[in-house]
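Containing compact mmCIF, C-alpha atoms: target_16.txt.
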# COMPACT_ATOMS: atom_id res chain seq x y z
CA MET A 1 32.03 -4.31 59.19
CA LYS A 2 32.35 -0.57 58.73
CA ILE A 3 31.86 2.05 61.40
CA VAL A 4 32.03 5.81 60.85
CA ALA A 5 33.05 8.34 63.50
CA LEU A 6 31.55 11.70 62.57
CA CYS A 7 32.42 15.23 63.62
CA GLY A 8 31.92 18.64 62.09
CA VAL A 9 35.30 18.97 60.43
CA GLY A 10 36.64 15.41 60.35
CA ILE A 11 39.67 15.93 62.60
CA GLY A 12 40.15 16.21 66.34
CA THR A 13 36.92 15.03 67.90
CA SER A 14 36.14 12.37 65.29
CA ALA A 15 39.70 11.07 65.62
CA ILE A 16 39.27 10.74 69.38
CA LEU A 17 36.00 8.94 68.80
CA LYS A 18 37.72 6.61 66.30
CA VAL A 19 40.57 5.78 68.69
CA ASN A 20 38.23 4.99 71.57
CA ALA A 21 35.76 3.09 69.35
CA GLU A 22 38.65 0.87 68.24
CA ARG A 23 39.48 0.24 71.90
CA ALA A 24 35.85 -0.63 72.60
CA LEU A 25 35.70 -2.99 69.59
CA ALA A 26 38.90 -4.71 70.70
CA ARG A 27 37.33 -5.27 74.10
CA LEU A 28 34.23 -6.71 72.43
CA GLU A 29 36.43 -8.79 70.10
CA ILE A 30 34.61 -7.38 67.07
CA GLU A 31 36.54 -6.76 63.88
CA ALA A 32 35.58 -3.52 62.15
CA ASP A 33 37.08 -0.66 60.21
CA VAL A 34 36.49 2.69 61.91
CA THR A 35 36.72 5.72 59.63
CA ALA A 36 36.72 9.33 60.83
CA THR A 37 34.86 11.77 58.63
CA ASP A 38 33.14 15.15 58.57
CA VAL A 39 29.57 16.27 57.98
CA ALA A 40 30.33 17.07 54.33
CA GLY A 41 31.65 13.56 53.70
CA VAL A 42 29.34 11.41 55.78
CA GLN A 43 26.93 10.47 53.00
CA LYS A 44 29.77 9.31 50.75
CA VAL A 45 31.87 7.64 53.45
CA GLY A 46 28.92 6.28 55.39
CA PHE A 47 26.74 4.84 52.64
CA ASP A 48 27.83 1.25 53.39
CA ALA A 49 28.47 1.69 57.12
CA GLN A 50 26.65 -0.39 59.72
CA VAL A 51 27.10 2.18 62.44
CA ILE A 52 27.65 5.95 62.60
CA LEU A 53 29.02 7.23 65.91
CA THR A 54 28.53 10.91 66.64
CA SER A 55 27.34 13.63 69.00
CA SER A 56 23.66 14.44 69.48
CA GLU A 57 24.36 17.82 67.86
CA LEU A 58 25.21 16.24 64.52
CA VAL A 59 22.49 13.60 64.14
CA GLU A 60 20.30 15.80 61.96
CA ALA A 61 23.22 16.68 59.72
CA ILE A 62 23.65 13.01 58.71
CA GLY A 63 20.44 12.94 56.68
CA LYS A 64 19.04 9.66 55.38
CA THR A 65 21.03 6.58 56.27
CA ASN A 66 20.58 2.86 56.71
CA ALA A 67 23.23 2.78 59.41
CA ASP A 68 22.48 2.64 63.12
CA VAL A 69 23.23 6.12 64.45
CA ILE A 70 24.72 5.93 67.94
CA VAL A 71 24.98 9.10 70.01
CA ILE A 72 28.01 9.20 72.28
CA GLU A 73 27.90 11.56 75.25
CA ASN A 74 31.41 11.14 76.64
CA TYR A 75 33.95 10.47 73.90
CA PHE A 76 36.54 9.40 76.46
CA ASP A 77 34.34 6.84 78.17
CA VAL A 78 35.25 3.51 76.57
CA ASP A 79 32.67 1.77 78.80
CA GLU A 80 29.90 3.86 77.21
CA LEU A 81 31.19 2.97 73.73
CA VAL A 82 31.39 -0.73 74.64
CA ALA A 83 27.82 -0.75 75.97
CA LYS A 84 26.31 1.11 73.02
CA LEU A 85 28.24 -0.81 70.36
CA GLU A 86 27.33 -4.09 72.03
CA THR A 87 23.65 -3.16 71.93
CA ALA A 88 23.80 -2.07 68.29
CA LEU A 89 25.90 -4.95 66.98
CA GLY A 90 25.00 -7.74 69.37
CA MET B 1 54.32 8.30 72.33
CA PRO B 2 53.91 11.13 74.85
CA LEU B 3 52.25 14.41 73.96
CA PRO B 4 54.68 17.07 72.70
CA PRO B 5 56.12 19.59 75.20
CA LEU B 6 53.60 22.21 76.29
CA PRO B 7 54.93 25.79 76.44
CA THR B 8 53.83 28.02 79.31
CA ASP B 9 52.40 30.38 76.69
CA ALA B 10 49.98 27.63 75.64
CA ILE B 11 48.49 27.36 79.15
CA ALA B 12 46.05 29.80 80.78
CA ILE B 13 44.65 29.14 84.25
CA GLY B 14 41.52 30.58 85.83
CA VAL B 15 40.55 32.70 82.85
CA HIS B 16 37.43 34.86 83.23
CA VAL B 17 35.11 34.65 80.22
CA ALA B 18 31.49 35.64 79.69
CA ASP B 19 30.42 32.84 77.36
CA TRP B 20 31.60 30.00 75.11
CA ARG B 21 32.94 32.43 72.52
CA GLY B 22 35.19 33.92 75.16
CA ALA B 23 36.28 30.44 76.22
CA VAL B 24 37.20 29.39 72.67
CA SER B 25 38.92 32.74 72.09
CA ALA B 26 41.06 32.12 75.18
CA ALA B 27 42.12 28.73 73.78
CA GLY B 28 42.87 30.43 70.45
CA ASP B 29 44.83 33.22 72.14
CA ALA B 30 47.00 30.59 73.85
CA LEU B 31 47.67 28.86 70.51
CA GLU B 32 48.59 32.26 69.02
CA ARG B 33 50.89 33.15 71.95
CA SER B 34 52.75 29.86 71.63
CA GLY B 35 53.32 30.52 67.91
CA SER B 36 51.16 27.69 66.62
CA THR B 37 48.47 29.71 64.87
CA SER B 38 47.46 33.18 63.76
CA HIS B 39 44.26 34.93 64.80
CA GLU B 40 42.32 33.71 61.78
CA TYR B 41 42.44 30.18 63.20
CA THR B 42 40.79 31.36 66.44
CA LYS B 43 37.95 32.83 64.38
CA ARG B 44 37.62 29.57 62.46
CA MET B 45 37.37 27.55 65.70
CA ILE B 46 34.46 29.75 66.75
CA GLY B 47 32.98 29.34 63.28
CA VAL B 48 32.96 25.53 63.62
CA ILE B 49 30.71 25.81 66.69
CA ASP B 50 28.52 28.43 65.03
CA GLU B 51 28.05 26.04 62.13
CA PHE B 52 27.77 22.64 63.83
CA GLY B 53 26.83 23.35 67.44
CA ALA B 54 28.36 22.35 70.71
CA TYR B 55 29.52 18.88 69.68
CA VAL B 56 33.07 19.95 70.58
CA VAL B 57 32.06 19.45 74.23
CA ILE B 58 33.13 15.82 74.04
CA ALA B 59 33.11 14.93 77.74
CA PRO B 60 31.61 16.39 80.91
CA GLY B 61 33.25 19.78 81.48
CA LEU B 62 35.64 19.57 78.52
CA ALA B 63 35.55 21.28 75.13
CA LEU B 64 38.02 20.38 72.36
CA ALA B 65 38.08 23.52 70.22
CA HIS B 66 39.47 22.92 66.75
CA ALA B 67 39.08 23.69 63.06
CA ARG B 68 40.42 22.26 59.83
CA PRO B 69 44.09 22.60 58.89
CA GLY B 70 44.81 25.82 56.98
CA PRO B 71 47.38 28.52 56.20
CA ASP B 72 46.67 30.06 59.63
CA VAL B 73 48.20 26.98 61.33
CA HIS B 74 52.00 27.40 61.46
CA THR B 75 52.80 24.32 63.56
CA GLU B 76 50.78 21.59 65.23
CA GLY B 77 49.76 22.84 68.64
CA LEU B 78 47.73 22.20 71.76
CA SER B 79 46.59 24.77 74.31
CA VAL B 80 44.97 24.29 77.70
CA VAL B 81 42.66 26.88 79.27
CA THR B 82 40.87 26.53 82.59
CA LEU B 83 37.98 28.83 83.36
CA ALA B 84 37.42 30.75 86.59
CA GLU B 85 33.68 30.21 86.17
CA PRO B 86 32.38 27.36 83.97
CA VAL B 87 30.35 28.41 80.93
CA ALA B 88 27.60 26.70 78.94
CA PHE B 89 28.28 25.76 75.32
CA GLY B 90 24.75 24.48 74.74
CA HIS B 91 25.57 20.77 74.97
CA PRO B 92 22.69 18.61 76.26
CA HIS B 93 24.83 16.43 78.57
CA ASN B 94 28.32 17.79 79.06
CA ASP B 95 27.78 21.43 80.06
CA PRO B 96 29.05 23.44 81.83
CA VAL B 97 32.60 23.58 80.51
CA SER B 98 35.51 24.35 82.78
CA VAL B 99 38.44 23.14 80.64
CA VAL B 100 38.99 24.10 77.00
CA LEU B 101 41.64 22.45 74.86
CA GLY B 102 42.65 24.21 71.66
CA LEU B 103 43.92 21.88 68.95
CA ALA B 104 45.61 22.97 65.73
CA VAL B 105 46.99 20.54 63.17
CA THR B 106 48.66 21.07 59.81
CA SER B 107 47.26 18.00 58.08
CA GLY B 108 44.43 15.60 58.66
CA ASP B 109 46.69 12.56 58.96
CA GLU B 110 49.57 13.62 61.13
CA HIS B 111 47.51 14.36 64.20
CA VAL B 112 46.34 10.81 64.79
CA LEU B 113 49.16 9.97 67.22
CA LEU B 114 48.60 13.21 69.12
CA VAL B 115 44.90 12.50 69.41
CA ALA B 116 45.48 8.89 70.45
CA GLU B 117 47.66 10.13 73.27
CA LEU B 118 45.05 12.71 74.29
CA ALA B 119 42.57 9.84 74.46
CA ASN B 120 44.97 7.90 76.70
CA VAL B 121 45.26 10.83 79.09
CA PHE B 122 41.54 11.60 79.24
CA ASN B 123 40.34 8.00 79.45
CA ASP B 124 41.06 8.59 83.14
CA PRO B 125 37.88 10.40 84.28
CA HIS B 126 39.71 12.18 87.10
CA VAL B 127 41.84 14.26 84.74
CA ILE B 128 39.21 16.83 83.72
CA PRO B 129 38.20 17.88 87.27
CA ALA B 130 41.85 17.82 88.33
CA LEU B 131 42.80 20.11 85.43
CA ALA B 132 39.93 22.44 86.31
CA ALA B 133 41.24 22.65 89.89
CA ALA B 134 44.94 23.01 89.00
CA SER B 135 46.52 26.27 90.12
CA ASP B 136 49.88 26.24 88.30
CA VAL B 137 51.32 25.24 84.93
CA ASP B 138 53.43 22.42 86.34
CA SER B 139 50.33 20.71 87.74
CA ILE B 140 48.66 21.01 84.34
CA ARG B 141 51.69 19.50 82.64
CA ALA B 142 51.89 16.68 85.19
CA LEU B 143 48.22 15.77 84.66
CA LEU B 144 48.74 15.63 80.89
CA GLY B 145 52.05 13.76 81.22
CA VAL B 146 53.94 16.43 79.29
CA THR B 147 57.11 18.42 79.86
CA ALA B 148 57.99 22.06 79.30
CA PRO B 149 59.86 22.79 76.06
CA ALA B 150 63.65 22.54 76.33
CA GLU B 151 64.09 26.31 76.11
CA GLU B 152 61.97 26.79 79.25
CA LEU B 153 63.91 24.28 81.39

As structure tokens, what does this structure read like?
Amino acid sequence: MKIVALCGVGIGTSAILKVNAERALARLEIEADVTATDVAGVQKVGFDAQVILTSSELVEAIGKTNADVIVIENYFDVDELVAKLETALG
Amino acid sequence: MPLPPLPTDAIAIGVHVADWRGAVSAAGDALERSGSTSHEYTKRMIGVIDEFGAYVVIAPGLALAHARPGPDVHTEGLSVVTLAEPVAFGHPHNDPVSVVLGLAVTSGDEHVLLVAELANVFNDPHVIPALAAASDVDSIRALLGVTAPAEEL
């Protein structure tokens, strides 16, 4: 399974999202690769992703995708990530 | 791996700003003072929000200001700014912002450990309000689990 963590420039915030998404997936005992990327790369990196994690601000920038787009409000709240990933993947 | 030492120059407490641009500028100023970046990087951090919106407000009350690596980043650096009055960045859930972190990295790969440690610190939801209320640099360092650089000890 492939999950993409998206931010505007592909460092910093998307890396935090990736780290905490991996923690959430470990708690859910789901195996997945989480890749951090930027808006410019999301179509290329995300074309085969099941899930794109991002902020509400960036949803429109993703464009067309077959992935489930999950909006995360608090990037540090692993409980929020667990709940939303469980809903999307469960 | 703990976060790297945080110089006093990289910390600003109770800064008065008019808006989010002022808040991001203060985080950029602190990165510049500590020798991590030049002024161009501060302008680029503001440019990221102009281009992509307030997504840098990644948790209630906290903005992580950052831009891509570039020639204006001399060394990897983190700055911490607390605001005297919180300001809105335009985020639908996490406004207003009272703590701004400035992050500068020299390559996309090397910052992963730094960011993982930031995540460890801020996974505790009490840290952001405690930082906002902190009145001295030692309290800020204690909350982040960092030391002062050797030359300041």

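Take atom CA of B:His111 and atom CA of B:Gly77: the distance between them is 9.8 Å.
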
Item to check | Long-range neighbours of B:Val80 as a ChimeraX atom specification, 8 Å cut-off, all atoms listed in the file, 6 positions minimum in chain | outcome: /B:10-12,27,30,99-102

Contacts of chain A with chain B up to 9 Å, shortest pair per row, only C-alpha atoms, as a tab-separated table:
residue	atom	partner	partner_atom	distance
A:Cys7	CA	B:Tyr55	CA	7.6
A:Gly8	CA	B:Phe52	CA	6.0
A:Val9	CA	B:Arg68	CA	6.1
A:Gly10	CA	B:Arg68	CA	7.8
A:Ile11	CA	B:Gly108	CA	6.2
A:Gly12	CA	B:His66	CA	6.8
A:Thr13	CA	B:Val56	CA	6.8
A:Ala15	CA	B:Val115	CA	6.6
A:Ile16	CA	B:Val115	CA	5.9
A:Leu17	CA	B:Ala119	CA	8.7
A:Val19	CA	B:Ala116	CA	6.1
A:Asn20	CA	B:Ala119	CA	7.1
A:Val39	CA	B:Phe52	CA	8.8
A:Thr54	CA	B:Tyr55	CA	8.6
A:Ser55	CA	B:Tyr55	CA	5.7
A:Ser56	CA	B:Tyr55	CA	7.4
A:Glu57	CA	B:Tyr55	CA	5.6
A:Leu58	CA	B:Phe52	CA	6.9
A:Ala61	CA	B:Phe52	CA	8.6
A:Ile72	CA	B:Ile58	CA	8.6
A:Glu73	CA	B:His93	CA	6.6
A:Asn74	CA	B:Ala59	CA	4.3
A:Tyr75	CA	B:Ile58	CA	5.4
A:Phe76	CA	B:Asn123	CA	5.0
A:Asp77	CA	B:Asn123	CA	6.2
A:Val78	CA	B:Asn123	CA	7.4

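Note that atom CA of B:Val97 and atom CA of B:Pro129 are 10.5 Å apart.
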
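The list of residues within 12 Å of (24.5, -2.7, 71.0), counted using all atoms listed in the file, is Ala24, Leu25, Leu28, Ile30, Gln50, Val51, Asp68, Val69, Ile70, Val71, Glu80, Leu81, Val82, Ala83, Lys84, Leu85, Glu86, Thr87, Ala88, Leu89 and Gly90 of chain A.
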
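You will find atom CA of B:Ala142 at 24.9 Å from atom CA of B:Val87.
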
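Restricting the calculation to all atoms listed in the file, the smallest distance between A:Asn66 and any of A:Gly46, A:Val34, A:Leu53, A:Ala5 is found for A:Gly46.
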
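Residue nearest B:Pro96 within the list B:Ile13, B:Leu31, B:Ala23, B:Ala130: B:Ala23 [criterion: smallest interatomic distance, all atoms listed in the file].
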
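If you measure from each of A:Glu60, A:Arg23, A:Leu6, A:Thr65 to A:Asp48 using only C-alpha atoms, the closest one turns out to be A:Thr65.
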
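The nearest approach to B:Val81 among the residues B:Thr106, B:Thr42, B:Ser98, B:Ser36, with all atoms listed in the file taken into account, belongs to B:Ser98.
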
Next on the checklist: From the options A:Ile62, A:Val42, A:Ala49, A:Ala21, which residue's atoms come nearest to A:Met1, counting all atoms listed in the file?
Outcome noted: A:Ala49

Next on the checklist: Excluding A:Thr35 and its own-chain neighbours fewer than 5 positions away, which residues fall within 8 Å of it when counting all atoms listed in the file? Please give them as a VMD selection string.
Outcome noted: chain A and resid 2 to 5 18

Checklist entry - Which residues, written as a VMD selection string, have at least one atom at most 10 Å from B:His16, with only C-alpha atoms counted and residues fewer than 4 positions away on the same chain left out? => result chain B and resid 22 to 23 26 82 to 87

Kindly complete stretch 4-20 of chain A to N, CA, C and O atoms; the output should be written as a PDB file, in the frame of the given file.
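What ended up in rebuild_17.pdb:
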ATOM      1  N   VAL A   4      31.587   4.442  61.145  1.00  0.00           N
ATOM      2  CA  VAL A   4      32.030   5.810  60.850  1.00  0.00           C
ATOM      3  C   VAL A   4      31.957   6.639  62.124  1.00  0.00           C
ATOM      4  O   VAL A   4      30.955   6.606  62.843  1.00  0.00           O
ATOM      5  N   ALA A   5      33.035   7.373  62.396  1.00  0.00           N
ATOM      6  CA  ALA A   5      33.050   8.340  63.500  1.00  0.00           C
ATOM      7  C   ALA A   5      32.936   9.728  62.880  1.00  0.00           C
ATOM      8  O   ALA A   5      33.775  10.131  62.077  1.00  0.00           O
ATOM      9  N   LEU A   6      31.887  10.440  63.260  1.00  0.00           N
ATOM     10  CA  LEU A   6      31.550  11.700  62.570  1.00  0.00           C
ATOM     11  C   LEU A   6      31.765  12.903  63.482  1.00  0.00           C
ATOM     12  O   LEU A   6      31.316  12.923  64.626  1.00  0.00           O
ATOM     13  N   CYS A   7      32.430  13.925  62.940  1.00  0.00           N
ATOM     14  CA  CYS A   7      32.420  15.230  63.620  1.00  0.00           C
ATOM     15  C   CYS A   7      32.276  16.320  62.572  1.00  0.00           C
ATOM     16  O   CYS A   7      32.185  16.049  61.370  1.00  0.00           O
ATOM     17  N   GLY A   8      32.219  17.552  63.012  1.00  0.00           N
ATOM     18  CA  GLY A   8      31.920  18.640  62.090  1.00  0.00           C
ATOM     19  C   GLY A   8      32.967  18.829  61.021  1.00  0.00           C
ATOM     20  O   GLY A   8      32.643  19.093  59.860  1.00  0.00           O
ATOM     21  N   VAL A   9      34.237  18.683  61.381  1.00  0.00           N
ATOM     22  CA  VAL A   9      35.300  18.970  60.430  1.00  0.00           C
ATOM     23  C   VAL A   9      36.191  17.773  60.121  1.00  0.00           C
ATOM     24  O   VAL A   9      37.110  17.875  59.324  1.00  0.00           O
ATOM     25  N   GLY A  10      35.935  16.620  60.738  1.00  0.00           N
ATOM     26  CA  GLY A  10      36.640  15.410  60.350  1.00  0.00           C
ATOM     27  C   GLY A  10      38.021  15.238  60.958  1.00  0.00           C
ATOM     28  O   GLY A  10      38.741  14.310  60.616  1.00  0.00           O
ATOM     29  N   ILE A  11      38.422  16.116  61.852  1.00  0.00           N
ATOM     30  CA  ILE A  11      39.670  15.930  62.600  1.00  0.00           C
ATOM     31  C   ILE A  11      39.360  16.149  64.073  1.00  0.00           C
ATOM     32  O   ILE A  11      38.277  16.602  64.420  1.00  0.00           O
ATOM     33  N   GLY A  12      40.317  15.884  64.916  1.00  0.00           N
ATOM     34  CA  GLY A  12      40.150  16.210  66.340  1.00  0.00           C
ATOM     35  C   GLY A  12      39.136  15.329  67.018  1.00  0.00           C
ATOM     36  O   GLY A  12      39.442  14.212  67.404  1.00  0.00           O
ATOM     37  N   THR A  13      37.896  15.788  67.120  1.00  0.00           N
ATOM     38  CA  THR A  13      36.920  15.030  67.900  1.00  0.00           C
ATOM     39  C   THR A  13      36.593  13.691  67.253  1.00  0.00           C
ATOM     40  O   THR A  13      36.463  12.684  67.948  1.00  0.00           O
ATOM     41  N   SER A  14      36.459  13.653  65.927  1.00  0.00           N
ATOM     42  CA  SER A  14      36.140  12.370  65.290  1.00  0.00           C
ATOM     43  C   SER A  14      37.317  11.412  65.421  1.00  0.00           C
ATOM     44  O   SER A  14      37.126  10.199  65.518  1.00  0.00           O
ATOM     45  N   ALA A  15      38.536  11.933  65.449  1.00  0.00           N
ATOM     46  CA  ALA A  15      39.700  11.070  65.620  1.00  0.00           C
ATOM     47  C   ALA A  15      39.739  10.486  67.026  1.00  0.00           C
ATOM     48  O   ALA A  15      40.091   9.319  67.209  1.00  0.00           O
ATOM     49  N   ILE A  16      39.355  11.269  68.019  1.00  0.00           N
ATOM     50  CA  ILE A  16      39.270  10.740  69.380  1.00  0.00           C
ATOM     51  C   ILE A  16      38.199   9.656  69.455  1.00  0.00           C
ATOM     52  O   ILE A  16      38.398   8.594  70.041  1.00  0.00           O
ATOM     53  N   LEU A  17      37.080   9.928  68.828  1.00  0.00           N
ATOM     54  CA  LEU A  17      36.000   8.940  68.800  1.00  0.00           C
ATOM     55  C   LEU A  17      36.462   7.654  68.115  1.00  0.00           C
ATOM     56  O   LEU A  17      36.174   6.541  68.578  1.00  0.00           O
ATOM     57  N   LYS A  18      37.197   7.786  67.018  1.00  0.00           N
ATOM     58  CA  LYS A  18      37.720   6.610  66.300  1.00  0.00           C
ATOM     59  C   LYS A  18      38.657   5.797  67.183  1.00  0.00           C
ATOM     60  O   LYS A  18      38.527   4.581  67.288  1.00  0.00           O
ATOM     61  N   VAL A  19      39.590   6.482  67.840  1.00  0.00           N
ATOM     62  CA  VAL A  19      40.570   5.780  68.690  1.00  0.00           C
ATOM     63  C   VAL A  19      39.846   5.009  69.793  1.00  0.00           C
ATOM     64  O   VAL A  19      40.130   3.829  70.038  1.00  0.00           O
ATOM     65  N   ASN A  20      38.891   5.659  70.452  1.00  0.00           N
ATOM     66  CA  ASN A  20      38.230   4.990  71.570  1.00  0.00           C
ATOM     67  C   ASN A  20      37.221   3.945  71.084  1.00  0.00           C
ATOM     68  O   ASN A  20      37.001   2.945  71.767  1.00  0.00           O
TER      69      ASN A  20
END
